[in-house]
Amino acid sequence: MKDFVQLFFELDGTTSSNQKIRYLVQYFSEAGPENAIWAVALLSGNRPKRFFTNKVLRVWLSEITQYPDWLIEDTYAIVGDLAETLSLMMEPWAVAQKSLGSLHELLSLNFPKWRTMDESSLKRQVIDIWRTTDANHRFVFNKLITGGFRVGVSKATVAKALAQVAGISVSEMTHRMTGTLATSAEAYQQLIADDGSASRSIAQPYPFYLSYALEENVETLGNFFDWSIEWKWDGIRCQVIKRESNVFVWSRGEELINESFPDLVEACSKALPDGTVLDGELLVVDQNGKPKPFSQLQKRLGRKKPSKKMQTEFPAGLFAYDLLEMDGLDQRENELSLRQERLKSLLSQADATQILLSPEVGASTWEDAAAWRKKSREMKAEGLMLKLKSSTYKVGRKKGEWWKWKVDPLTIDAVLLYAQAGHGRRANLYTDYTLAIWKEDALVPIAKAYSGLSDKEMTQLDRWIKANTRERFGPVRSVLASQVLEIAFEGISRSTRHKSGFALRFPRISRWRQDKNADEADTIDTVTALWRSYESIS
Amino acid sequence: MLEVKEHGLYCALGDFFIDPTSPVERAVITHAHADHAVDGSTHIWAHEATIRILEARWDRSLARSSSPLKYKETTEVGEVGLSLHSAGHVLGSSQVRLDDGKEIWVVTGDYKRDSDRSCDPFEVVPCHRLVTEATFALPVFKWQPIERLTQDILRWSEEAFAQDLPVCLFAYSLGKTQRLMAELSAAGHSQFLIHRSADKICQIYREFGFPIPDYQIFVNNMEVEGTKGAIIIGPPVLQNSRFLKKHKNIPSAFVSGWMALRGMRRRRRLAKGFIMSDHADWQSLIKTVEQSQAKHVYATHGYSDVLSRYLNSKGSIEADELLVLRESAEDD
Ligand SMILES: [Zn+2]
Ligand SMILES: [Zn+2]
């Protein structure tokens with residue numbers, strides 16, 4: 001464990017990705033395959049299921065330290081990380097008396113054993129570890145048992161390091177790492193095999209090709225006819241695989257989501273030939289093959305084994321826009337226009353109303369495209385995707401050939417009502433805001449949002465908040481109602497969560513309207529009108 | 001005896017403010033940090049070292065507008081007896097003890113209880129009412145012994161020194177810089193390059209007999225050759241200096257109590273943070289309140305809400321928050 005804990009803090013302590021790669025290569029070369037494979041899993045986001053909720057650990061911490069619950073609660077709210085709060089509250093400078101064993105021992109041997117233990121013996125075990133390890137070990141250990149292990153290193157960086165260790169290309173390594181990895185020493189040997197003998201399972205997805213947001217003027221992209229214009233759907237990006245009569249639906253986060261969407265799995269299994277891999281968007285579609293708003297898809301999200309009723313009411317469909325494998329052959333090196341042509345003919349033969357070709361946007365100039373983009377919300381889309389017709393299907397996020405061109409967000413002006421200190425990076429700054437709009441003479445909350453302001457404005461507003469506090473409730477302060485902030489968001493719906501009766505989707509602060517007085521903020525009437533027009537198109 | 005007014009904490013019996021936030025007629029100043037010492041007041045009472053530092057900082061004599069005091073020396077100001085007592089925060093830092101014959105108040109100012117070769121140790125001053133700072137009043141703040149910290153810094157520096165490089169520590173010019181110099185020198189290091197903003201202050205420390213080792217002034221256009229094996233200490237703005245931008249391989253670290261929090265280290269976008277503060281940590285705050293024997297405690301600065309609530313929960317002490325609005329501390 002010691003080397004892994006050290007790796008964690010080394011990675012945490014640098015912002016240079018080259019430095020991170022050096023640390024990773026060094027760790028992988030020395031850790032031994034049975035530990036290295038766990039490190040790969042943890043660093044690419046495969047966390048062991050948590051043993052305890054944060055709540056349980058807070059209670060234990062309170063028992064050990066004799067501090068009142070509220071103190072632990074408040075401190076945690078400020079630190080923003082329970083594992084860290086815990087490791088600092090218990091003798092931060094203690095020298096370790098015991099070792100936690102290797103990463104492999106902890107995760108492959110102890111964790112499974114602990115899962116069968118009753119809570120009181122497990123509690124003894126955990127508290128003993130807290131008492132006998134140093135703060136860094138305790139921190140990493142707490143992260144592992146609460147399922148919150150995360151470190152500032154991207155999967156792409158891990159892939160680069162492993163590619164170096166294996167002596168193979170980064171894209172091949174990324175491919176090997178896509179999907180679900182076993183956590184055995186053999187799996188690691190396979191992963192870093194240099195002879196191409198690594199066998200892939202039939203379930204293994206290809207790495208997704210991801211785009212950047214277009215920030216330049218669209219005209220800078222050059223000749224319009226070199227580009228394919230598609231809708232950027234507001235659903236779940238996914239990869240559908242059919243091989244050897246089995247269907248696998250992978251989300252963009254590389255989770256297998258077959259269980260949540262049995263209707264889609266069934267449709268694919270009937271309609272698609274073996275050796276097919278599609279890239280597309282999972283949406284709820286109506287009988288006419290039209291996408292429904294995201295709020296409908298939301299009803300199916302995170303729900304495993306949905307009822308028949310659920311499936312008929314909110315049928316899942318796929319809007320396919322790319323073909324990655326056909327007849328068992330990798331298509332990614334072909335140009336987009338060829339892949340699209342093949343996709344079209346493949347789907348025209350497929351007999352399924354739930355698997356659709358994502359329609360092209362019928363524009364013939366950039367101006368045209370810009371006009372279509374404005375209509376995205378009517379189409380239930382978030383904007384347009386611009387893809388170079390000659391582009392191959394690349395690995396990971398790449399600039400230049402694929403761009404997302406999203407619609408401008410919706411905005412309202414709201415009044416700052418409450419502020420709460422942020423945590424972690426922003427622990428002593430008031431950066432989390434509750435914002436309100438006018439309803440007759442009262443201000444009613446409509447959203448909570450984090451600051452999206454510049455560092456300078458954030459500090460300035462923080463100072464204003466501290467100077468204009470009216471009341472304090474633990475970590476929350478109510479402030480003089482005078483500051484107007486512009487909230488940007490992606491959608492609006494009726495909700496009882498906030499007193500205004502509306503909920504905003506992805507709200508964030510886009511501007512501090514220092515030019516406006518509180519009474520110039522939006523009112524329940526203007527917001528209702530906005531909601532009506534949003535509903536009517538979506 | 002004390003109340004919060006527009007310019008800060010005010011004593012009507014003596015007609016003075018303590019660490020006023022804007023210029024006033026009569027000010028008692030606990031120490032020379034900018035967030036406690038505002039220029040422009042007509043008359044100042046402060047420890048003689050604090051007066052010296054303020055003269056250096058404001059670049060003029062305060063001979064006619066100040067009353068320099070020594071620790072434990074009582075002066076009558078209006079109707080109260082005022083005396084200063086070492087706060088252990090930085091050179092000259094003082095707790096203010098006020099006695100009107102009926103009740104004794106102590107205002108701690110900023111203080112710490114940890115050992116520090118560069119200033120006088122904190123003195124416990126019994127009182128009825130205590131105004132204590134609460135900058136780090138959370139149970140996650142717990143400072144390690146200074147010897148362990150200097151060992152950590154020297155171990156971290158080894159690699160750079162072996163490559164004929166210097167290392168760089170970001171620390172405030174008053175207090176932390178001198179403390180680092182004195183402690184690192186005691187731990188065996190001898191080469192220091194100091195930002196010019198700390199030069200005069202270092203000399204005042206020496207005047208008052210504190211062990212500041214030999215040092216050279218750091219300048220931006222130095223050749224790395226001339227800096228090898230040195231510990232460069234300068235204020236956080238040094239992070240953006242031409243010298244460090246040019247020599248990216250020079251390891252640098254921020255020295256602050258906030259470095260205890262992982263999120264704060266990341267906010268500074270720094271590879272390394274060393275945890276050292278001239279403020280009291282959680283245990284020291286609780287200990288100080290207990291030792292003062294005060295029955296009424298006012299917490300100010302930082303997490304004053306947490307500290308006062310915690311003290312109240314223990315029953316025997318009545319605690320309140322005292323909100324004086326200050327620019328954020330320059331010395332945390
Ligand atoms: Zn100070
Ligand atoms: Zn201060």
# chains A, B, ... in the order shown; residues from 1 in each chain; ligands from 1
call {"tool": "residues_near_ligand", "arguments": {"ligand": "ligand 1", "cutoff": "9 Å", "atoms": "only C-alpha atoms and all ligand atoms", "output": "list in words"}}
result
Thr30, His31, Ala32, His33, Ala34, Asp35, His36, His89, Val90, Ser93, Gly109, Asp110, Tyr111, Leu174, Gly175, Asp278, His279, Ala329, Glu330, Asp331 and Asp332 of chain B
call {"tool": "residues_around", "arguments": {"residues": "range 24-28 of chain B", "least_positions_apart": "2", "cutoff": "12 Å", "atoms": "only C-alpha atoms", "output": "mmCIF file with N, CA and C atoms, in the first residue's frame"}}
result
data_model
loop_
_atom_site.group_PDB
_atom_site.id
_atom_site.type_symbol
_atom_site.label_atom_id
_atom_site.label_comp_id
_atom_site.auth_asym_id
_atom_site.auth_seq_id
_atom_site.Cartn_x
_atom_site.Cartn_y
_atom_site.Cartn_z
ATOM 1 N N LYS B 5 -17.875 48.781 16.978
ATOM 2 C CA LYS B 5 -18.370 49.967 16.293
ATOM 3 C C LYS B 5 -17.934 49.932 14.842
ATOM 4 N N GLU B 6 -18.303 50.956 14.122
ATOM 5 C CA GLU B 6 -18.025 50.977 12.695
ATOM 6 C C GLU B 6 -16.553 50.717 12.360
ATOM 7 N N HIS B 7 -15.644 51.286 13.156
ATOM 8 C CA HIS B 7 -14.228 51.107 12.844
ATOM 9 C C HIS B 7 -13.612 49.917 13.544
ATOM 10 N N GLY B 8 -14.425 49.124 14.239
ATOM 11 C CA GLY B 8 -13.889 47.940 14.906
ATOM 12 C C GLY B 8 -14.170 47.938 16.392
ATOM 13 N N LEU B 9 -13.308 47.253 17.115
ATOM 14 C CA LEU B 9 -13.498 47.034 18.543
ATOM 15 C C LEU B 9 -13.152 48.320 19.308
ATOM 16 N N TYR B 10 -14.108 48.805 20.110
ATOM 17 C CA TYR B 10 -13.928 50.121 20.736
ATOM 18 C C TYR B 10 -14.047 50.039 22.260
ATOM 19 N N CYS B 11 -13.164 50.776 22.944
ATOM 20 C CA CYS B 11 -13.225 50.850 24.400
ATOM 21 C C CYS B 11 -13.605 52.282 24.779
ATOM 22 N N ALA B 12 -14.816 52.448 25.315
ATOM 23 C CA ALA B 12 -15.303 53.793 25.610
ATOM 24 C C ALA B 12 -14.568 54.409 26.804
ATOM 25 N N GLY B 14 -11.560 54.164 27.692
ATOM 26 C CA GLY B 14 -10.259 54.721 27.320
ATOM 27 C C GLY B 14 -10.316 55.503 26.019
ATOM 28 N N ASP B 15 -11.492 55.513 25.406
ATOM 29 C CA ASP B 15 -11.709 56.169 24.117
ATOM 30 C C ASP B 15 -10.660 55.768 23.067
ATOM 31 N N PHE B 16 -10.514 54.461 22.873
ATOM 32 C CA PHE B 16 -9.616 54.008 21.795
ATOM 33 C C PHE B 16 -10.196 52.768 21.110
ATOM 34 N N PHE B 17 -9.705 52.527 19.900
ATOM 35 C CA PHE B 17 -10.053 51.302 19.176
ATOM 36 C C PHE B 17 -8.892 50.319 19.257
ATOM 37 N N ILE B 18 -9.197 49.036 19.202
ATOM 38 C CA ILE B 18 -8.123 48.045 19.093
ATOM 39 C C ILE B 18 -8.122 47.510 17.665
ATOM 40 N N ASP B 19 -6.992 47.618 16.990
ATOM 41 C CA ASP B 19 -6.855 47.219 15.586
ATOM 42 C C ASP B 19 -8.006 47.754 14.721
ATOM 43 N N PRO B 20 -8.220 49.080 14.721
ATOM 44 C CA PRO B 20 -9.325 49.626 13.925
ATOM 45 C C PRO B 20 -9.143 49.298 12.441
ATOM 46 N N THR B 21 -10.272 49.180 11.731
ATOM 47 C CA THR B 21 -10.214 48.812 10.316
ATOM 48 C C THR B 21 -10.060 50.032 9.420
ATOM 49 N N SER B 22 -10.202 51.228 10.013
ATOM 50 C CA SER B 22 -9.892 52.450 9.269
ATOM 51 C C SER B 22 -9.322 53.453 10.277
ATOM 52 N N THR B 30 -2.301 45.574 17.887
ATOM 53 C CA THR B 30 -1.753 44.342 18.468
ATOM 54 C C THR B 30 -0.482 43.902 17.767
ATOM 55 N N HIS B 31 -0.427 44.060 16.444
ATOM 56 C CA HIS B 31 0.803 43.696 15.732
ATOM 57 C C HIS B 31 0.785 44.312 14.340
ATOM 58 N N ALA B 32 1.910 44.219 13.645
ATOM 59 C CA ALA B 32 2.117 45.034 12.444
ATOM 60 C C ALA B 32 1.578 44.435 11.142
ATOM 61 N N HIS B 36 -4.251 44.311 10.544
ATOM 62 C CA HIS B 36 -4.483 44.779 11.912
ATOM 63 C C HIS B 36 -4.009 46.209 12.105
ATOM 64 N N ALA B 37 -3.071 46.622 11.269
ATOM 65 C CA ALA B 37 -2.482 47.950 11.431
ATOM 66 C C ALA B 37 -2.771 48.804 10.209
ATOM 67 N N VAL B 38 -3.757 49.697 10.379
ATOM 68 C CA VAL B 38 -4.126 50.587 9.277
ATOM 69 C C VAL B 38 -3.440 51.938 9.502
ATOM 70 N N ASP B 39 -2.816 52.469 8.474
ATOM 71 C CA ASP B 39 -2.108 53.752 8.593
ATOM 72 C C ASP B 39 -3.126 54.897 8.669
ATOM 73 N N GLY B 40 -2.763 55.954 9.391
ATOM 74 C CA GLY B 40 -3.602 57.149 9.372
ATOM 75 C C GLY B 40 -4.189 57.551 10.715
ATOM 76 N N SER B 41 -4.074 56.687 11.721
ATOM 77 C CA SER B 41 -4.620 57.067 13.029
ATOM 78 C C SER B 41 -3.738 58.150 13.667
ATOM 79 N N THR B 42 -4.355 58.973 14.518
ATOM 80 C CA THR B 42 -3.619 60.095 15.097
ATOM 81 C C THR B 42 -2.604 59.647 16.146
ATOM 82 N N HIS B 43 -3.029 58.748 17.023
ATOM 83 C CA HIS B 43 -2.079 58.248 18.018
ATOM 84 C C HIS B 43 -2.189 56.740 18.164
ATOM 85 N N ILE B 44 -1.012 56.110 18.347
ATOM 86 C CA ILE B 44 -0.968 54.650 18.403
ATOM 87 C C ILE B 44 -0.310 54.173 19.685
ATOM 88 N N TRP B 45 -0.898 53.194 20.330
ATOM 89 C CA TRP B 45 -0.239 52.461 21.402
ATOM 90 C C TRP B 45 0.108 51.072 20.863
ATOM 91 N N ALA B 46 1.339 50.672 21.002
ATOM 92 C CA ALA B 46 1.712 49.337 20.544
ATOM 93 C C ALA B 46 3.046 48.950 21.153
ATOM 94 N N HIS B 47 3.389 47.685 21.012
ATOM 95 C CA HIS B 47 4.695 47.232 21.499
ATOM 96 C C HIS B 47 5.788 47.962 20.717
ATOM 97 N N THR B 50 6.639 46.565 17.388
ATOM 98 C CA THR B 50 5.583 46.814 16.396
ATOM 99 C C THR B 50 5.721 48.222 15.824
ATOM 100 N N ILE B 51 5.996 49.194 16.717
ATOM 101 C CA ILE B 51 6.181 50.565 16.262
ATOM 102 C C ILE B 51 7.349 50.641 15.269
ATOM 103 N N SER B 65 3.714 60.418 17.330
ATOM 104 C CA SER B 65 2.320 59.987 17.270
ATOM 105 C C SER B 65 2.127 58.586 17.834
ATOM 106 N N SER B 66 3.080 58.135 18.663
ATOM 107 C CA SER B 66 2.893 56.798 19.226
ATOM 108 C C SER B 66 3.429 56.686 20.639
ATOM 109 N N SER B 67 2.941 55.714 21.353
ATOM 110 C CA SER B 67 3.470 55.375 22.669
ATOM 111 C C SER B 67 3.984 53.945 22.607
ATOM 112 N N PRO B 68 5.305 53.773 22.420
ATOM 113 C CA PRO B 68 5.863 52.422 22.385
ATOM 114 C C PRO B 68 5.820 51.817 23.787
ATOM 115 N N LEU B 69 5.352 50.577 23.875
ATOM 116 C CA LEU B 69 5.244 49.930 25.189
ATOM 117 C C LEU B 69 6.107 48.687 25.217
ATOM 118 N N VAL B 77 -4.756 54.637 30.205
ATOM 119 C CA VAL B 77 -5.294 55.312 29.018
ATOM 120 C C VAL B 77 -6.741 55.633 29.353
ATOM 121 N N GLY B 78 -7.040 56.926 29.487
ATOM 122 C CA GLY B 78 -8.364 57.304 29.952
ATOM 123 C C GLY B 78 -8.586 56.670 31.312
ATOM 124 N N LEU B 82 -3.937 49.762 30.840
ATOM 125 C CA LEU B 82 -3.688 48.960 29.651
ATOM 126 C C LEU B 82 -2.294 48.354 29.734
ATOM 127 N N SER B 83 -2.180 47.051 29.470
ATOM 128 C CA SER B 83 -0.851 46.461 29.362
ATOM 129 C C SER B 83 -0.829 45.464 28.218
ATOM 130 N N LEU B 84 0.360 45.291 27.639
ATOM 131 C CA LEU B 84 0.521 44.362 26.523
ATOM 132 C C LEU B 84 1.248 43.104 27.000
ATOM 133 N N SER B 93 4.123 41.086 18.615
ATOM 134 C CA SER B 93 2.684 40.797 18.689
ATOM 135 C C SER B 93 2.234 40.753 20.140
ATOM 136 N N SER B 94 1.081 41.355 20.395
ATOM 137 C CA SER B 94 0.666 41.556 21.777
ATOM 138 C C SER B 94 -0.790 41.190 22.011
ATOM 139 N N GLN B 95 -1.025 40.670 23.203
ATOM 140 C CA GLN B 95 -2.391 40.597 23.687
ATOM 141 C C GLN B 95 -2.613 41.897 24.458
ATOM 142 N N VAL B 96 -3.839 42.382 24.408
ATOM 143 C CA VAL B 96 -4.130 43.636 25.098
ATOM 144 C C VAL B 96 -4.940 43.313 26.353
ATOM 145 N N ARG B 97 -4.386 43.693 27.511
ATOM 146 C CA ARG B 97 -5.100 43.461 28.765
ATOM 147 C C ARG B 97 -5.661 44.794 29.248
ATOM 148 N N LEU B 98 -6.947 44.815 29.562
ATOM 149 C CA LEU B 98 -7.608 46.047 29.999
ATOM 150 C C LEU B 98 -8.212 45.822 31.376
ATOM 151 N N VAL B 107 -7.732 40.943 24.987
ATOM 152 C CA VAL B 107 -7.940 40.757 23.540
ATOM 153 C C VAL B 107 -6.662 40.114 23.002
ATOM 154 N N GLY B 109 -5.607 39.325 20.013
ATOM 155 C CA GLY B 109 -5.031 39.576 18.678
ATOM 156 C C GLY B 109 -4.738 38.226 18.052
#
call {"tool": "closest_residue", "arguments": {"among": "B:Ala280, B:Arg179, B:Pro139, B:Lys245", "to": "ligand 2", "atoms": "only C-alpha atoms and all ligand atoms"}}
result
B:Ala280
call {"tool": "interface_residues", "arguments": {"of": "chain A", "to": "chain B", "cutoff": "10 Å", "atoms": "only C-alpha atoms", "output": "MDAnalysis selection string"}}
result
chainID A and resid 9:16 65 67:68 70:72 74:76 78:81 84:94 423:428 463 466:467 472:475
call {"tool": "residues_around", "arguments": {"residues": "range 335-350 of chain A", "least_positions_apart": "4", "cutoff": "9 Å", "atoms": "only C-alpha atoms", "output": "list in words"}}
result
Ser228, Lys270, Ala271, Leu272, Pro273, Leu278, Ala320, Tyr321, Asp322, Leu323, Leu324, Met326, Gln331, Ile355, Leu356, Leu357, Lys387, Leu388, Lys389, Ser390, Ser391, Thr392 and Tyr393 of chain A
call {"tool": "write_last_selection", "arguments": {"atoms": "N, CA, C and O atoms", "output": "CSV table (one decimal), in the first residue's frame"}}
result
chain,number,residue,atom,x,y,z
A,228,SER,N,-20.1,17.4,-42.5
A,228,SER,CA,-21.3,16.7,-42.3
A,228,SER,C,-22.0,17.3,-41.1
A,228,SER,O,-21.3,17.5,-40.0
A,270,LYS,N,-32.6,-8.4,-32.4
A,270,LYS,CA,-33.4,-8.8,-33.6
A,270,LYS,C,-32.9,-8.2,-34.9
A,270,LYS,O,-32.8,-8.9,-35.9
A,271,ALA,N,-32.6,-6.9,-34.8
A,271,ALA,CA,-32.4,-6.2,-36.1
A,271,ALA,C,-31.0,-6.2,-36.6
A,271,ALA,O,-30.8,-6.0,-37.8
A,272,LEU,N,-30.0,-6.2,-35.7
A,272,LEU,CA,-28.7,-6.1,-36.2
A,272,LEU,C,-28.0,-7.4,-36.6
A,272,LEU,O,-28.1,-8.4,-35.8
A,273,PRO,N,-27.2,-7.4,-37.6
A,273,PRO,CA,-26.4,-8.6,-37.9
A,273,PRO,C,-25.2,-8.7,-37.0
A,273,PRO,O,-24.8,-7.7,-36.4
A,278,LEU,N,-22.3,0.1,-33.4
A,278,LEU,CA,-22.8,1.4,-33.7
A,278,LEU,C,-22.5,2.4,-32.6
A,278,LEU,O,-22.4,2.1,-31.4
A,320,ALA,N,-28.6,6.3,-34.4
A,320,ALA,CA,-27.3,5.9,-34.7
A,320,ALA,C,-26.6,6.9,-35.6
A,320,ALA,O,-27.3,7.4,-36.6
A,321,TYR,N,-25.4,7.3,-35.4
A,321,TYR,CA,-24.7,8.2,-36.3
A,321,TYR,C,-23.4,7.8,-36.8
A,321,TYR,O,-22.7,8.5,-37.5
A,322,ASP,N,-22.9,6.6,-36.3
A,322,ASP,CA,-21.6,6.2,-36.8
A,322,ASP,C,-21.6,4.7,-36.8
A,322,ASP,O,-22.3,4.0,-36.0
A,323,LEU,N,-20.7,4.1,-37.7
A,323,LEU,CA,-20.6,2.7,-37.8
A,323,LEU,C,-19.1,2.3,-37.5
A,323,LEU,O,-18.2,2.8,-38.3
A,324,LEU,N,-18.8,1.6,-36.4
A,324,LEU,CA,-17.5,1.3,-36.0
A,324,LEU,C,-17.0,0.0,-36.5
A,324,LEU,O,-15.8,-0.3,-36.6
A,326,MET,N,-18.3,-3.5,-39.0
A,326,MET,CA,-19.3,-4.1,-39.9
A,326,MET,C,-18.8,-5.5,-40.3
A,326,MET,O,-17.6,-5.6,-40.6
A,331,GLN,N,-14.1,-0.5,-38.7
A,331,GLN,CA,-14.4,0.5,-39.8
A,331,GLN,C,-13.7,1.9,-39.5
A,331,GLN,O,-13.9,2.8,-40.2
A,355,ILE,N,-34.4,1.5,-33.8
A,355,ILE,CA,-33.0,1.8,-34.2
A,355,ILE,C,-33.1,2.6,-35.5
A,355,ILE,O,-33.4,2.2,-36.5
A,356,LEU,N,-32.7,3.9,-35.3
A,356,LEU,CA,-33.0,4.9,-36.4
A,356,LEU,C,-31.7,5.5,-36.8
A,356,LEU,O,-30.7,5.6,-36.0
A,357,LEU,N,-31.7,5.9,-38.1
A,357,LEU,CA,-30.5,6.7,-38.6
A,357,LEU,C,-30.7,8.1,-38.1
A,357,LEU,O,-31.8,8.7,-38.3
A,387,LYS,N,-18.9,17.6,-38.4
A,387,LYS,CA,-17.9,16.5,-38.5
A,387,LYS,C,-17.3,16.6,-39.9
A,387,LYS,O,-18.1,16.6,-40.9
A,388,LEU,N,-16.0,16.6,-40.0
A,388,LEU,CA,-15.4,16.6,-41.3
A,388,LEU,C,-15.7,15.3,-42.0
A,388,LEU,O,-15.5,14.2,-41.4
A,389,LYS,N,-16.2,15.4,-43.3
A,389,LYS,CA,-16.6,14.1,-44.0
A,389,LYS,C,-15.4,13.2,-44.2
A,389,LYS,O,-15.6,12.0,-44.3
A,390,SER,N,-14.2,13.7,-44.2
A,390,SER,CA,-13.1,12.8,-44.4
A,390,SER,C,-12.5,12.3,-43.1
A,390,SER,O,-11.4,11.6,-43.2
A,391,SER,N,-13.1,12.6,-42.0
A,391,SER,CA,-12.5,12.2,-40.7
A,391,SER,C,-12.6,10.7,-40.4
A,391,SER,O,-13.6,10.1,-40.7
A,392,THR,N,-11.5,10.2,-39.9
A,392,THR,CA,-11.5,8.8,-39.4
A,392,THR,C,-12.0,8.9,-38.0
A,392,THR,O,-12.2,9.9,-37.4
A,393,TYR,N,-12.4,7.7,-37.4
A,393,TYR,CA,-12.9,7.7,-36.1
A,393,TYR,C,-11.7,7.5,-35.1
A,393,TYR,O,-11.1,6.5,-35.0
call {"tool": "select_by_dssp", "arguments": {"residues": "range 169-301 of chain A", "states": "alpha helix (DSSP H)", "output": "NGL selection string"}}
result
:A and (170-177 or 185-191 or 262-271 or 294-298)
call {"tool": "select_by_dssp", "arguments": {"residues": "range 116-236 of chain A", "states": "strand (DSSP E)", "output": "ChimeraX atom specification"}}
result
/A:209-210,212-213,227-233,236
call {"tool": "write_last_selection", "arguments": {"atoms": "C-alpha atoms", "output": "short mmCIF file (atom, residue, chain, number, x, y, z; two decimals), in the first residue's frame"}}
result
data_model
loop_
_atom_site.label_atom_id
_atom_site.label_comp_id
_atom_site.auth_asym_id
_atom_site.auth_seq_id
_atom_site.Cartn_x
_atom_site.Cartn_y
_atom_site.Cartn_z
CA TYR A 209 -14.15 9.68 -30.25
CA LEU A 210 -14.98 12.92 -28.45
CA TYR A 212 -14.48 19.88 -28.44
CA ALA A 213 -16.89 22.79 -28.25
CA TRP A 227 -18.56 18.98 -43.42
CA SER A 228 -21.34 16.70 -42.29
CA ILE A 229 -23.92 18.47 -40.12
CA GLU A 230 -25.81 16.41 -37.55
CA TRP A 231 -28.01 17.12 -34.55
CA LYS A 232 -26.36 16.97 -31.19
CA TRP A 233 -28.97 14.98 -29.31
CA ILE A 236 -27.02 9.34 -23.58
#
call {"tool": "atom_distance", "arguments": {"atom1": "CA of Ser478 in chain A", "atom2": "CA of Leu417 in chain A"}}
result
5.9 Å
call {"tool": "residues_around", "arguments": {"residues": "Leu57 in chain A", "least_positions_apart": "4", "cutoff": "9 Å", "atoms": "only C-alpha atoms", "output": "ChimeraX atom specification"}}
result
/A:52-53,61-62,82,86,146
call {"tool": "write_last_selection", "arguments": {"atoms": "N, CA and C atoms", "output": "JSON list (two decimals), in the first residue's frame"}}
result
[["chain", "number", "residue", "atom", "x", "y", "z"],
["A", 52, "PHE", "N", -19.50, 1.58, 3.61],
["A", 52, "PHE", "CA", -20.29, 2.40, 4.52],
["A", 52, "PHE", "C", -20.69, 3.69, 3.85],
["A", 53, "THR", "N", -21.76, 4.25, 4.35],
["A", 53, "THR", "CA", -22.09, 5.59, 3.93],
["A", 53, "THR", "C", -21.25, 6.56, 4.76],
["A", 61, "LEU", "N", -16.71, 8.53, 14.00],
["A", 61, "LEU", "CA", -15.72, 9.57, 14.29],
["A", 61, "LEU", "C", -16.14, 10.36, 15.53],
["A", 62, "SER", "N", -17.42, 10.62, 15.62],
["A", 62, "SER", "CA", -17.94, 11.33, 16.77],
["A", 62, "SER", "C", -17.71, 10.52, 18.05],
["A", 82, "LEU", "N", -14.98, 13.84, 3.37],
["A", 82, "LEU", "CA", -15.06, 13.14, 4.65],
["A", 82, "LEU", "C", -13.79, 12.36, 4.96],
["A", 86, "LEU", "N", -11.76, 13.06, 8.34],
["A", 86, "LEU", "CA", -11.47, 11.97, 9.26],
["A", 86, "LEU", "C", -9.98, 11.80, 9.50],
["A", 146, "THR", "N", -15.21, 4.12, 1.32],
["A", 146, "THR", "CA", -16.44, 4.88, 1.10],
["A", 146, "THR", "C", -16.78, 4.96, -0.38]]
call {"tool": "closest_residue", "arguments": {"among": "B:Ala171, B:Pro251, B:Met222, B:Met181", "to": "Pro235 in chain B", "atoms": "only C-alpha atoms"}}
result
B:Ala171
call {"tool": "atom_distance", "arguments": {"atom1": "CA of Ile509 in chain A", "atom2": "CA of Gly235 in chain A"}}
result
23.8 Å
call {"tool": "atom_distance", "arguments": {"atom1": "CA of Gly257 in chain B", "atom2": "CA of Phe8 in chain A"}}
result
21.8 Å
call {"tool": "residues_around", "arguments": {"residues": "Lys290 in chain A", "least_positions_apart": "4", "cutoff": "10 Å", "atoms": "only C-alpha atoms", "output": "list in words"}}
result
Leu283, Val284, Val285, Asp286, Gly317, Phe319, Leu356, Met379 and Lys380 of chain A
call {"tool": "decode", "arguments": {"residues": "range 148-153 of chain B", "atoms": "N, CA and C atoms", "output": "PDB file, in the first residue's frame"}}
result
ATOM      1  N   ARG B 148       9.914  18.933  13.171  1.00  0.00           N
ATOM      2  CA  ARG B 148       9.548  17.968  12.134  1.00  0.00           C
ATOM      3  C   ARG B 148       9.311  18.670  10.804  1.00  0.00           C
ATOM      4  N   LEU B 149       8.762  19.858  10.897  1.00  0.00           N
ATOM      5  CA  LEU B 149       8.519  20.613   9.667  1.00  0.00           C
ATOM      6  C   LEU B 149       9.835  20.989   8.987  1.00  0.00           C
ATOM      7  N   THR B 150      10.800  21.488   9.784  1.00  0.00           N
ATOM      8  CA  THR B 150      12.066  21.887   9.163  1.00  0.00           C
ATOM      9  C   THR B 150      12.762  20.649   8.570  1.00  0.00           C
ATOM     10  N   GLN B 151      12.655  19.515   9.250  1.00  0.00           N
ATOM     11  CA  GLN B 151      13.213  18.282   8.675  1.00  0.00           C
ATOM     12  C   GLN B 151      12.555  17.974   7.336  1.00  0.00           C
ATOM     13  N   ASP B 152      11.238  18.072   7.285  1.00  0.00           N
ATOM     14  CA  ASP B 152      10.505  17.805   6.038  1.00  0.00           C
ATOM     15  C   ASP B 152      10.986  18.728   4.916  1.00  0.00           C
ATOM     16  N   ILE B 153      11.145  20.006   5.254  1.00  0.00           N
ATOM     17  CA  ILE B 153      11.564  20.970   4.232  1.00  0.00           C
ATOM     18  C   ILE B 153      12.972  20.635   3.735  1.00  0.00           C
TER      19      ILE B 153
END
